[in-house]
file start_38.pdb (PDB, C-alpha atoms, pLDDT in the B column)
ATOM      1  CA  MET A1220    -109.394-184.029  58.772  1.00 55.00           C
ATOM      2  CA  ALA A1221    -111.898-186.562  57.563  1.00 54.00           C
ATOM      3  CA  LYS A1222    -112.430-189.801  59.409  1.00 56.00           C
ATOM      4  CA  LYS A1223    -111.896-192.909  57.304  1.00 56.00           C
ATOM      5  CA  ALA A1224    -114.382-195.715  57.950  1.00 60.00           C
ATOM      6  CA  VAL A1225    -113.077-199.222  57.446  1.00 60.00           C
ATOM      7  CA  ALA A1226    -115.445-202.172  57.661  1.00 59.00           C
ATOM      8  CA  THR A1227    -114.895-205.858  57.074  1.00 58.00           C
ATOM      9  CA  PHE A1228    -117.712-208.216  56.203  1.00 55.00           C
ATOM     10  CA  LYS A1229    -117.568-211.854  57.181  1.00 58.00           C
ATOM     11  CA  GLY A1230    -118.133-214.274  54.321  1.00 58.00           C
ATOM     12  CA  ASP A1231    -118.671-211.538  51.743  1.00 56.00           C
ATOM     13  CA  LYS A1232    -115.621-210.450  49.789  1.00 58.00           C
ATOM     14  CA  SER A1233    -117.203-207.537  47.942  1.00 62.00           C
ATOM     15  CA  GLY A1234    -119.450-206.030  50.623  1.00 62.00           C
ATOM     16  CA  LYS A1235    -122.180-205.320  48.075  1.00 78.00           C
ATOM     17  CA  ASN A1236    -124.799-207.187  50.113  1.00 86.00           C
ATOM     18  CA  TYR A1237    -124.654-204.630  52.935  1.00 88.00           C
ATOM     19  CA  THR A1238    -125.980-201.081  53.269  1.00 89.00           C
ATOM     20  CA  LYS A1239    -125.119-198.349  55.759  1.00 91.00           C
ATOM     21  CA  CYS A1240    -128.421-197.043  57.130  1.00 92.00           C
ATOM     22  CA  ILE A1241    -128.820-193.802  59.049  1.00 93.00           C
ATOM     23  CA  LYS A1242    -132.085-192.806  60.714  1.00 93.00           C
ATOM     24  CA  MET A1243    -133.019-189.853  62.870  1.00 93.00           C
ATOM     25  CA  ILE A1244    -134.606-190.559  66.259  1.00 92.00           C
ATOM     26  CA  LYS A1245    -136.300-187.953  68.452  1.00 93.00           C
ATOM     27  CA  SER A1246    -135.688-188.175  72.186  1.00 90.00           C
ATOM     28  CA  GLU A1247    -138.873-188.288  74.257  1.00 91.00           C
ATOM     29  CA  LYS A1248    -137.241-186.531  77.238  1.00 92.00           C
ATOM     30  CA  THR A1249    -135.546-183.555  75.610  1.00 93.00           C
ATOM     31  CA  GLY A1250    -137.060-183.448  72.128  1.00 93.00           C
ATOM     32  CA  ALA A1251    -133.587-183.379  70.584  1.00 95.00           C
ATOM     33  CA  TYR A1252    -132.766-185.480  67.554  1.00 95.00           C
ATOM     34  CA  ALA A1253    -130.036-188.115  67.413  1.00 93.00           C
ATOM     35  CA  PHE A1254    -128.774-190.234  64.556  1.00 93.00           C
ATOM     36  CA  GLN A1255    -128.627-194.024  64.667  1.00 91.00           C
ATOM     37  CA  GLU A1256    -126.202-195.606  62.202  1.00 93.00           C
ATOM     38  CA  ASP A1257    -125.850-199.289  61.405  1.00 91.00           C
ATOM     39  CA  ILE A1258    -124.517-201.483  58.620  1.00 91.00           C
ATOM     40  CA  VAL A1259    -127.230-204.009  57.805  1.00 90.00           C
ATOM     41  CA  HIS A1260    -127.747-206.713  55.220  1.00 90.00           C
ATOM     42  CA  ASN A1261    -129.853-205.673  52.218  1.00 90.00           C
ATOM     43  CA  ASP A1262    -132.619-208.087  53.273  1.00 91.00           C
ATOM     44  CA  THR A1263    -133.131-206.335  56.629  1.00 90.00           C
ATOM     45  CA  VAL A1264    -133.116-202.671  55.563  1.00 89.00           C
ATOM     46  CA  LYS A1265    -136.906-202.309  55.808  1.00 90.00           C
ATOM     47  CA  GLN A1266    -136.900-203.885  59.268  1.00 91.00           C
ATOM     48  CA  PHE A1267    -134.243-201.396  60.423  1.00 88.00           C
ATOM     49  CA  PHE A1268    -136.377-198.405  59.445  1.00 88.00           C
ATOM     50  CA  ALA A1269    -139.619-199.962  60.712  1.00 89.00           C
ATOM     51  CA  ALA A1270    -138.284-200.458  64.245  1.00 78.00           C
TER      52      ALA A1270
END
call {"tool": "encode", "arguments": {"input": "start_38.pdb", "output": "structure tokens"}}
result
Amino acid sequence: MAKKAVATFKGDKSGKNYTKCIKMIKSEKTGAYAFQEDIVHNDTVKQFFAA
């Protein structure tokens, strides 16, 4: 079965000002990859991927 994601945004009724960002991070110890997910405001998307 699929998992349904439900998110509420404070102060924003439509939720169009937010983006779900997913980036892949490589572990320094094992070399395995892991995914980091976050829902960020559209103004901070570049900062999320830069960090």
call {"tool": "atom_distance", "arguments": {"input": "start_38.pdb", "atom1": "CA of Phe1268 in chain A", "atom2": "CA of Gly1250 in chain A"}}
result
19.6 Å
call {"tool": "atom_distance", "arguments": {"input": "start_38.pdb", "atom1": "CA of Asn1236 in chain A", "atom2": "CA of Glu1256 in chain A"}}
result
16.8 Å
call {"tool": "resolve_selection", "arguments": {"input": "start_38.pdb", "expression": "the PyMOL selection byres ((chain A and resi 1238) around 10)", "output": "MDAnalysis selection string"}}
result
chainID A and resid 1234:1237 1239:1241 1257:1264
call {"tool": "residues_around", "arguments": {"input": "start_38.pdb", "residues": "Ala1270 in chain A", "least_positions_apart": "5", "cutoff": "12 Å", "atoms": "only C-alpha atoms", "output": "JSON, numbers by chain"}}
result
{"A": [1242, 1243, 1244, 1255, 1263, 1264, 1265]}
